[in-house]
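Okay, final-v6.cif is below, mmCIF, C-alpha atoms and all ligand atoms:
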data_work
loop_
_atom_site.label_atom_id
_atom_site.label_comp_id
_atom_site.auth_asym_id
_atom_site.auth_seq_id
_atom_site.Cartn_x
_atom_site.Cartn_y
_atom_site.Cartn_z
CA MET A 8 -1.26 36.09 -19.03
CA THR A 9 -2.18 39.25 -17.22
CA GLU A 10 -3.16 40.34 -13.74
CA SER A 11 -5.21 43.18 -15.18
CA VAL A 12 -8.41 44.02 -13.32
CA PHE A 13 -10.04 44.90 -16.65
CA LEU A 14 -12.33 42.05 -17.56
CA ALA A 15 -12.03 42.57 -21.32
CA GLU A 16 -8.23 42.27 -21.14
CA LEU A 17 -8.50 38.66 -19.96
CA SER A 18 -8.81 35.59 -22.13
CA TRP A 19 -11.95 33.57 -21.53
CA PRO A 20 -10.12 30.88 -19.52
CA GLU A 21 -8.56 33.67 -17.43
CA PHE A 22 -11.99 35.15 -16.88
CA GLN A 23 -13.36 31.77 -15.92
CA ARG A 24 -10.52 31.29 -13.43
CA ARG A 25 -10.88 34.68 -11.78
CA ALA A 26 -14.63 35.34 -11.92
CA ALA A 27 -15.69 33.32 -8.89
CA PRO A 28 -19.20 34.10 -7.61
CA ASN A 29 -17.81 36.06 -4.65
CA VAL A 30 -15.64 38.29 -6.87
CA PRO A 31 -17.26 41.69 -7.32
CA VAL A 32 -17.47 43.04 -10.85
CA LEU A 33 -17.59 46.82 -11.21
CA LEU A 34 -19.50 48.31 -14.14
CA PRO A 35 -18.64 51.99 -14.84
CA LEU A 36 -21.37 54.06 -16.50
CA GLY A 37 -20.05 56.97 -18.55
CA ALA A 38 -21.08 59.49 -21.17
CA THR A 39 -19.72 61.24 -24.23
CA GLU A 40 -20.53 64.81 -23.31
CA GLN A 41 -19.06 68.29 -23.58
CA HIS A 42 -17.01 69.27 -20.56
CA GLY A 43 -16.28 72.89 -21.42
CA PRO A 44 -13.69 74.29 -23.82
CA HIS A 45 -10.88 73.18 -21.51
CA MET A 46 -11.47 69.41 -21.32
CA ALA A 47 -12.05 66.39 -23.53
CA MET A 48 -15.53 64.92 -23.92
CA ASN A 49 -14.60 61.60 -22.29
CA VAL A 50 -14.35 62.94 -18.71
CA ASP A 51 -17.34 60.87 -17.60
CA VAL A 52 -15.69 57.77 -19.03
CA ILE A 53 -12.19 58.34 -17.61
CA LEU A 54 -13.20 59.25 -14.06
CA PRO A 55 -15.53 56.34 -13.15
CA THR A 56 -13.21 53.90 -14.94
CA ALA A 57 -10.26 55.11 -12.86
CA VAL A 58 -12.24 54.86 -9.62
CA CYS A 59 -13.39 51.33 -10.53
CA GLU A 60 -9.84 50.25 -11.40
CA ARG A 61 -8.53 51.31 -7.98
CA VAL A 62 -11.48 49.90 -6.06
CA ALA A 63 -11.13 46.59 -7.93
CA GLN A 64 -7.45 46.43 -6.94
CA ASN A 65 -8.44 47.03 -3.30
CA VAL A 66 -11.23 44.47 -3.10
CA GLY A 67 -9.99 41.81 -5.52
CA GLY A 68 -12.60 42.65 -8.14
CA LEU A 69 -12.82 42.99 -11.91
CA VAL A 70 -13.89 45.98 -14.03
CA ALA A 71 -16.31 45.43 -16.91
CA PRO A 72 -15.92 47.68 -19.98
CA THR A 73 -17.25 51.19 -19.33
CA VAL A 74 -20.50 52.14 -21.05
CA PRO A 75 -19.22 55.07 -23.14
CA TYR A 76 -22.60 56.70 -23.90
CA GLY A 77 -24.96 58.04 -21.28
CA TYR A 78 -28.51 59.23 -20.92
CA LYS A 79 -29.08 62.66 -22.47
CA SER A 80 -27.25 65.65 -21.07
CA GLN A 81 -29.63 67.99 -19.25
CA PRO A 82 -29.16 71.79 -19.29
CA ARG A 83 -29.10 72.21 -15.51
CA SER A 84 -26.63 69.38 -14.86
CA GLY A 85 -24.58 68.86 -18.04
CA GLY A 86 -25.28 71.80 -20.34
CA GLY A 87 -27.75 69.94 -22.53
CA GLU A 88 -27.70 68.17 -25.87
CA ALA A 89 -27.02 71.22 -28.06
CA PHE A 90 -23.25 71.29 -27.57
CA PRO A 91 -21.40 69.91 -30.60
CA GLY A 92 -20.12 66.41 -29.97
CA THR A 93 -22.34 65.47 -27.03
CA THR A 94 -23.61 62.03 -28.09
CA SER A 95 -26.26 60.33 -25.98
CA LEU A 96 -28.70 57.48 -25.68
CA ASP A 97 -32.43 57.60 -25.04
CA ALA A 98 -33.24 56.62 -21.45
CA ASN A 99 -34.87 53.40 -22.60
CA THR A 100 -31.83 52.39 -24.68
CA PHE A 101 -29.45 53.18 -21.84
CA SER A 102 -31.50 51.15 -19.36
CA LEU A 103 -31.57 48.21 -21.74
CA VAL A 104 -27.78 48.33 -22.20
CA VAL A 105 -27.39 48.12 -18.41
CA ARG A 106 -30.00 45.34 -18.25
CA ASP A 107 -28.29 43.28 -20.93
CA VAL A 108 -24.82 43.59 -19.39
CA ILE A 109 -26.16 42.52 -15.98
CA ARG A 110 -28.00 39.58 -17.50
CA SER A 111 -24.92 38.48 -19.42
CA LEU A 112 -22.62 38.76 -16.40
CA GLY A 113 -25.20 36.82 -14.40
CA TYR A 114 -25.23 34.02 -16.96
CA HIS A 115 -21.45 33.80 -16.61
CA GLY A 116 -21.64 33.29 -12.87
CA ILE A 117 -21.13 36.82 -11.54
CA ARG A 118 -23.21 37.35 -8.39
CA ARG A 119 -21.80 40.57 -6.95
CA LEU A 120 -21.99 43.66 -9.08
CA VAL A 121 -21.16 47.31 -8.41
CA VAL A 122 -22.79 49.66 -10.93
CA LEU A 123 -20.74 52.84 -10.54
CA ASN A 124 -22.12 55.92 -12.24
CA GLY A 125 -19.96 58.73 -13.62
CA HIS A 126 -22.60 60.91 -15.35
CA PHE A 127 -25.31 62.65 -13.35
CA GLU A 128 -28.15 62.03 -15.80
CA ASN A 129 -27.58 58.26 -15.85
CA SER A 130 -28.81 57.76 -12.30
CA TRP A 131 -32.48 56.82 -12.76
CA PRO A 132 -32.12 55.03 -16.11
CA ALA A 133 -29.37 52.99 -14.40
CA VAL A 134 -31.77 52.09 -11.58
CA GLU A 135 -34.21 50.92 -14.23
CA GLY A 136 -31.52 48.84 -15.94
CA VAL A 137 -30.53 47.18 -12.67
CA ASP A 138 -34.14 46.42 -11.87
CA LEU A 139 -34.79 44.91 -15.30
CA GLY A 140 -31.54 42.92 -15.20
CA ILE A 141 -32.36 41.34 -11.85
CA ARG A 142 -35.90 40.64 -13.02
CA GLU A 143 -34.68 38.82 -16.15
CA LEU A 144 -32.19 36.76 -14.17
CA ARG A 145 -34.91 35.75 -11.71
CA ARG A 146 -37.09 34.61 -14.57
CA ASP A 147 -34.20 32.42 -15.68
CA GLY A 148 -33.86 30.94 -12.20
CA ILE A 149 -30.90 33.04 -11.03
CA ASN A 150 -32.08 34.53 -7.73
CA ASP A 151 -28.87 35.50 -6.00
CA MET A 152 -27.48 38.41 -8.05
CA GLN A 153 -26.57 41.22 -5.63
CA VAL A 154 -26.10 44.74 -7.03
CA MET A 155 -24.77 47.93 -5.44
CA ARG A 156 -25.55 51.06 -7.50
CA LEU A 157 -23.85 54.34 -6.66
CA GLU A 158 -22.57 57.72 -7.81
CA TYR A 159 -18.83 57.94 -7.14
CA TRP A 160 -18.95 61.64 -6.18
CA ASP A 161 -21.15 60.90 -3.17
CA PHE A 162 -18.17 59.14 -1.55
CA VAL A 163 -16.22 62.14 -0.28
CA GLN A 164 -15.39 63.35 3.21
CA ARG A 165 -17.12 66.52 4.35
CA SER A 166 -13.69 67.78 5.43
CA THR A 167 -12.36 67.38 1.86
CA LEU A 168 -15.23 69.43 0.41
CA ASP A 169 -14.65 72.08 3.10
CA ARG A 170 -10.98 72.28 2.08
CA LEU A 171 -11.88 72.58 -1.62
CA PHE A 172 -14.76 75.02 -1.15
CA PRO A 173 -14.00 77.40 1.75
CA ASP A 174 -17.00 79.51 0.65
CA GLY A 175 -19.41 76.56 0.54
CA PHE A 176 -20.00 73.64 -1.84
CA PRO A 177 -22.28 74.66 -4.76
CA GLY A 178 -23.71 71.15 -5.17
CA THR A 179 -22.98 68.23 -7.46
CA GLU A 180 -25.19 69.25 -10.41
CA LEU A 181 -23.45 72.58 -10.87
CA GLU A 182 -20.08 70.92 -10.59
CA HIS A 183 -20.25 69.84 -14.24
CA ALA A 184 -16.81 70.41 -15.84
CA SER A 185 -15.92 72.51 -12.82
CA LEU A 186 -13.56 72.26 -9.86
CA LEU A 187 -14.03 68.58 -9.00
CA GLU A 188 -13.98 67.04 -12.47
CA THR A 189 -11.20 69.34 -13.68
CA SER A 190 -9.02 68.53 -10.65
CA LEU A 191 -9.53 64.79 -11.13
CA MET A 192 -8.65 65.09 -14.83
CA LEU A 193 -5.51 67.10 -13.97
CA LEU A 194 -4.50 64.20 -11.73
CA LEU A 195 -5.31 61.39 -14.18
CA ARG A 196 -5.04 62.73 -17.73
CA PRO A 197 -3.47 66.24 -17.68
CA GLU A 198 -2.85 66.06 -21.43
CA LEU A 199 -6.64 66.20 -21.93
CA VAL A 200 -6.97 69.45 -19.93
CA ASP A 201 -5.99 72.96 -21.09
CA MET A 202 -6.19 75.31 -18.11
CA SER A 203 -5.58 78.31 -20.40
CA LYS A 204 -9.05 77.66 -21.87
CA VAL A 205 -10.96 77.54 -18.56
CA PRO A 206 -13.93 79.90 -19.08
CA SER A 207 -15.15 82.55 -16.67
CA ASP A 208 -18.84 82.79 -17.67
CA GLY A 209 -20.10 80.78 -14.68
CA PRO A 210 -21.49 80.01 -12.27
CA ALA A 211 -24.78 79.25 -14.01
CA LYS A 212 -27.89 80.90 -12.57
CA PHE A 213 -30.71 78.45 -13.20
CA PRO A 214 -34.35 78.71 -12.14
CA THR A 215 -35.72 75.81 -10.10
CA TYR A 216 -37.38 74.35 -13.20
CA ASP A 217 -36.50 73.06 -16.69
CA ARG A 218 -37.62 74.62 -19.99
CA HIS A 219 -38.42 72.63 -23.15
CA PRO A 220 -37.23 73.51 -25.71
CA VAL A 221 -34.20 75.05 -24.03
CA PRO A 222 -34.23 78.86 -24.47
CA VAL A 223 -31.21 80.63 -25.91
CA GLY A 224 -28.91 81.75 -23.09
CA PHE A 225 -30.37 79.29 -20.54
CA VAL A 226 -26.96 77.57 -20.20
CA PRO A 227 -23.57 79.34 -19.94
CA ALA A 228 -22.12 79.46 -23.46
CA SER A 229 -18.97 77.62 -22.35
CA GLY A 230 -20.91 74.61 -21.03
CA VAL A 231 -19.12 74.93 -17.67
CA LEU A 232 -21.74 75.33 -14.95
CA ALA A 233 -19.61 76.50 -11.99
CA ARG A 234 -15.97 77.63 -11.80
CA ALA A 235 -12.93 75.53 -12.65
CA GLU A 236 -9.99 77.93 -12.46
CA ARG A 237 -8.84 76.83 -8.99
CA ALA A 238 -8.51 73.18 -10.08
CA THR A 239 -5.23 71.44 -9.21
CA PRO A 240 -3.96 67.86 -9.39
CA ASP A 241 -3.58 67.93 -5.59
CA TYR A 242 -7.32 68.53 -5.21
CA GLY A 243 -7.82 65.65 -7.62
CA ARG A 244 -5.65 63.43 -5.41
CA TRP A 245 -7.66 64.28 -2.27
CA LEU A 246 -10.91 63.50 -4.09
CA MET A 247 -9.65 60.29 -5.67
CA ASP A 248 -8.29 59.04 -2.34
CA ASP A 249 -11.70 59.64 -0.72
CA HIS A 250 -13.66 58.05 -3.56
CA VAL A 251 -11.52 54.92 -3.65
CA GLU A 252 -11.25 54.44 0.12
CA LEU A 253 -14.91 55.04 0.90
CA ILE A 254 -16.27 52.99 -2.01
CA SER A 255 -13.85 50.14 -1.25
CA ASN A 256 -15.05 50.16 2.37
CA ALA A 257 -18.69 50.10 1.27
CA VAL A 258 -18.12 47.20 -1.16
CA ARG A 259 -16.23 45.19 1.46
CA ALA A 260 -18.94 45.81 4.05
CA GLU A 261 -21.84 45.05 1.72
CA PHE A 262 -20.36 41.93 0.18
CA GLY A 263 -18.55 40.64 3.28
CA LEU A 264 -15.08 40.78 1.71
ZN ZN B 1 -18.85 64.98 -16.11
#
Reformat the file's structure so that it appears as C-alpha cells.
Amino acid sequence: MTESVFLAELSWPEFQRRAAPNVPVLLPLGATEQHGPHMAMNVDVILPTAVCERVAQNVGGLVAPTVPYGYKSQPRSGGGEAFPGTTSLDANTFSLVVRDVIRSLGYHGIRRLVVLNGHFENSWPAVEGVDLGIRELRRDGINDMQVMRLEYWDFVQRSTLDRLFPDGFPGTELEHASLLETSLMLLLRPELVDMSKVPSDGPAKFPTYDRHPVPVGFVPASGVLARAERATPDYGRWLMDDHVELISNAVRAEFGL
C-alpha cells in the first residue's frame, strides 16, 4: 500500500506489520491558536507534524495523528484566549487525551514513544498525560513503555540562534508568531503566511507576573509577541535542519537505534 510514516494512513495490517516494539512512534502535540494577523491558526499543528515526519523518516519511525487542540493560550506566551478563533482544551482534558493515546498505543504493542510538543502551554499538561498513561499501562501489566517528551524548539544550535538574532535571542515564550515560527511557516506552507500583514506593535513588554482576568492592553493587539518582519524561508531551513538532526540523534541515542 503505502510507505507513509503517518500511522493513520496505513491499513491495520500495514500498521501491524510496521509497528514492531522497537519502532518509535512520534506523537505531535499542537494547538488551534491565533498566530498574528499574518499567519493561519494551525501553525502549532503544522510545525511539530513536519518535524515528526522528518524525524520518523530518519529513524524508521511512525507519526501518530497530531493532537490539534492544546492547553489554553496564555497571555505572556501565546497572547491568551481572547483572540477570535483560539480554541483550547482545559489542562485536565488535554492530559487525558495524551494519556488515552499512550494507553491505546501501548495496547497495540508500541513501546517507544516520542511526545513532541509544538505549543508552549502544553508542556506540563503533557507531562501529566505521559505520567498517567504509563501508570495505566503498568496497572494493566505493561511495564516497558519508554517515552521521550520534548519541545522541538529546544533542539537548535547556539550558532543558528546567533545567526538569526545578532542582537540577542529574546527567548522562546516571546517568539510566539514571531521570527522562528514565521520563518518555518515560510519554508513549509508559504501560502498560509502573508508577510504584508506582519504587525509592528511588538515586542511585548510584560511584567514578571500574570494578571487574572487579563487587563485590556496587557497583550499586543496583533497577538504577535516579538518581531516577525525579518522572517525568511532560509531561516526556516536552518531551524528545521537543526530540529530534525538534533531530535533524530537524541531518539537514536535514547532508544539504541
Ligand atoms: Zn505557535
Next on the checklist: Which residues are near ligand ZN 1 (chain B) - at most 10 Å, using all atoms listed in the file? Format: as a ChimeraX atom specification.
Outcome noted: /A:37-43,48-55,80,84-85,125-128,180,182-185,187-189
Write the residues of the selection above to a file with C-alpha atoms, as a PDB file, in the frame of the given file.
ATOM      1  CA  GLY A  37     -20.050  56.970 -18.550  1.00  0.00           C
ATOM      2  CA  ALA A  38     -21.080  59.490 -21.170  1.00  0.00           C
ATOM      3  CA  THR A  39     -19.720  61.240 -24.230  1.00  0.00           C
ATOM      4  CA  GLU A  40     -20.530  64.810 -23.310  1.00  0.00           C
ATOM      5  CA  GLN A  41     -19.060  68.290 -23.580  1.00  0.00           C
ATOM      6  CA  HIS A  42     -17.010  69.270 -20.560  1.00  0.00           C
ATOM      7  CA  GLY A  43     -16.280  72.890 -21.420  1.00  0.00           C
ATOM      8  CA  MET A  48     -15.530  64.920 -23.920  1.00  0.00           C
ATOM      9  CA  ASN A  49     -14.600  61.600 -22.290  1.00  0.00           C
ATOM     10  CA  VAL A  50     -14.350  62.940 -18.710  1.00  0.00           C
ATOM     11  CA  ASP A  51     -17.340  60.870 -17.600  1.00  0.00           C
ATOM     12  CA  VAL A  52     -15.690  57.770 -19.030  1.00  0.00           C
ATOM     13  CA  ILE A  53     -12.190  58.340 -17.610  1.00  0.00           C
ATOM     14  CA  LEU A  54     -13.200  59.250 -14.060  1.00  0.00           C
ATOM     15  CA  PRO A  55     -15.530  56.340 -13.150  1.00  0.00           C
ATOM     16  CA  SER A  80     -27.250  65.650 -21.070  1.00  0.00           C
ATOM     17  CA  SER A  84     -26.630  69.380 -14.860  1.00  0.00           C
ATOM     18  CA  GLY A  85     -24.580  68.860 -18.040  1.00  0.00           C
ATOM     19  CA  GLY A 125     -19.960  58.730 -13.620  1.00  0.00           C
ATOM     20  CA  HIS A 126     -22.600  60.910 -15.350  1.00  0.00           C
ATOM     21  CA  PHE A 127     -25.310  62.650 -13.350  1.00  0.00           C
ATOM     22  CA  GLU A 128     -28.150  62.030 -15.800  1.00  0.00           C
ATOM     23  CA  GLU A 180     -25.190  69.250 -10.410  1.00  0.00           C
ATOM     24  CA  GLU A 182     -20.080  70.920 -10.590  1.00  0.00           C
ATOM     25  CA  HIS A 183     -20.250  69.840 -14.240  1.00  0.00           C
ATOM     26  CA  ALA A 184     -16.810  70.410 -15.840  1.00  0.00           C
ATOM     27  CA  SER A 185     -15.920  72.510 -12.820  1.00  0.00           C
ATOM     28  CA  LEU A 187     -14.030  68.580  -9.000  1.00  0.00           C
ATOM     29  CA  GLU A 188     -13.980  67.040 -12.470  1.00  0.00           C
ATOM     30  CA  THR A 189     -11.200  69.340 -13.680  1.00  0.00           C
TER      31      THR A 189
END
Item to check | Separation of atom CA of A:Leu168 from atom CA of A:Leu194, in Å and rounded to one decimal | outcome: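 We find that atom CA of A:Leu168 and atom CA of A:Leu194 lie 17.0 Å from each other.
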Checklist entry - Quick one, how far is atom CA of A:Val30 from atom CA of A:Val104? => result 22.0 Å
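If you measure from each of A:His219, A:His250, A:Lys212, A:Arg237 to A:Tyr159 using all atoms listed in the file, the closest one turns out to be A:His250.
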Item to check | Counting only C-alpha atoms, the residue of A:His45, A:Gly136, A:Thr94, A:Leu123 that sits nearest A:Ile254 | outcome: A:Leu123
Checklist entry - With only C-alpha atoms as the atoms that count, which of A:Gly92, A:Pro173, A:Gly113, A:Gly77 lies nearest to A:Gln153? => result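 Smallest distance to A:Gln153 is found for A:Gly113.
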Next on the checklist: Just the number, please: distance in Å from atom CA of A:Leu14 to atom CA of A:Val32, one decimal.
Outcome noted: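 Between atom CA of A:Leu14 and atom CA of A:Val32 the gap works out to 8.5 Å.
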Return as JSON lines the residues of stretch 36-72 of chain A lying at most 12 Å from stretch 257-262 of chain A, together with the closest atom-to-atom pair for each and the distance in Å to one decimal, counting all atoms listed in the file, with rows in chain order and ascending residue number.
{"residue": "A:Cys59", "atom": "CA", "partner": "A:Val258", "partner_atom": "CA", "distance": 11.3}
{"residue": "A:Val62", "atom": "CA", "partner": "A:Val258", "partner_atom": "CA", "distance": 8.7}
{"residue": "A:Ala63", "atom": "CA", "partner": "A:Val258", "partner_atom": "CA", "distance": 9.8}
{"residue": "A:Asn65", "atom": "CA", "partner": "A:Arg259", "partner_atom": "CA", "distance": 9.3}
{"residue": "A:Val66", "atom": "CA", "partner": "A:Arg259", "partner_atom": "CA", "distance": 6.8}
{"residue": "A:Gly67", "atom": "CA", "partner": "A:Arg259", "partner_atom": "CA", "distance": 10.0}
{"residue": "A:Gly68", "atom": "CA", "partner": "A:Val258", "partner_atom": "CA", "distance": 10.0}
Checklist outcome for this item: Shortest contact to A:Ser190, candidates A:Asn124, A:Thr215, A:Thr239, A:Thr73, atoms counted all atoms listed in the file, goes to A:Thr239
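Of the residues listed (A:Leu246, A:Leu120, A:Val231, A:Val134), A:Leu246 shows the shortest atom-to-atom separation from A:Leu191; distances use all atoms listed in the file.
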Checklist entry - Got a sec: who's within 12 Å of A:Glu10, counting all atoms listed in the file, leaving out chain neighbours fewer than 6 positions off, as number ranges by chain? => result A: 16-18, 21-22, 24-25, 63-64, 67-69
Checklist entry - What would the list of residues within 6 Å of (-13.2, 51.0, -14.7) (file frame) look like as a list in words, if only C-alpha atoms are what count? => result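 The distance filter leaves exactly Pro35, Thr56, Ala57, Cys59, Glu60 and Val70 of chain A.
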Item to check | Proximity to A:Pro44 - best of A:Pro91, A:Arg170, A:Val108, A:Asn150, all atoms listed in the file | outcome: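 Smallest separation from A:Pro44 among the options: A:Pro91.
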With 6 Å on each side, where is the centre of the axis-aligned box around all listed atoms of stretch 258-263 of chain A, and how long are its edges in Å to one decimal, as AutoDock Vina command-line options?
--center_x -19.0 --center_y 43.9 --center_z 1.4 --size_x 17.6 --size_y 18.6 --size_z 17.2
Checklist entry - Taking (-22.2, 38.4, -5.6) in the file's coordinates as the center, which residues reach within 6 Å of it, counting only C-alpha atoms, put as a PyMOL selection string? => result chain A and resi 28-29+118-119+152-153
Just to be explicit: take each residue in the selection above, keep C-alpha atoms, and write the result as a compact mmCIF listing (two decimals), in the coordinates of the input.
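File produced: out_37.txt:
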# COMPACT_ATOMS: atom_id res chain seq x y z
CA PRO A 28 -19.20 34.10 -7.61
CA ASN A 29 -17.81 36.06 -4.65
CA ARG A 118 -23.21 37.35 -8.39
CA ARG A 119 -21.80 40.57 -6.95
CA MET A 152 -27.48 38.41 -8.05
CA GLN A 153 -26.57 41.22 -5.63
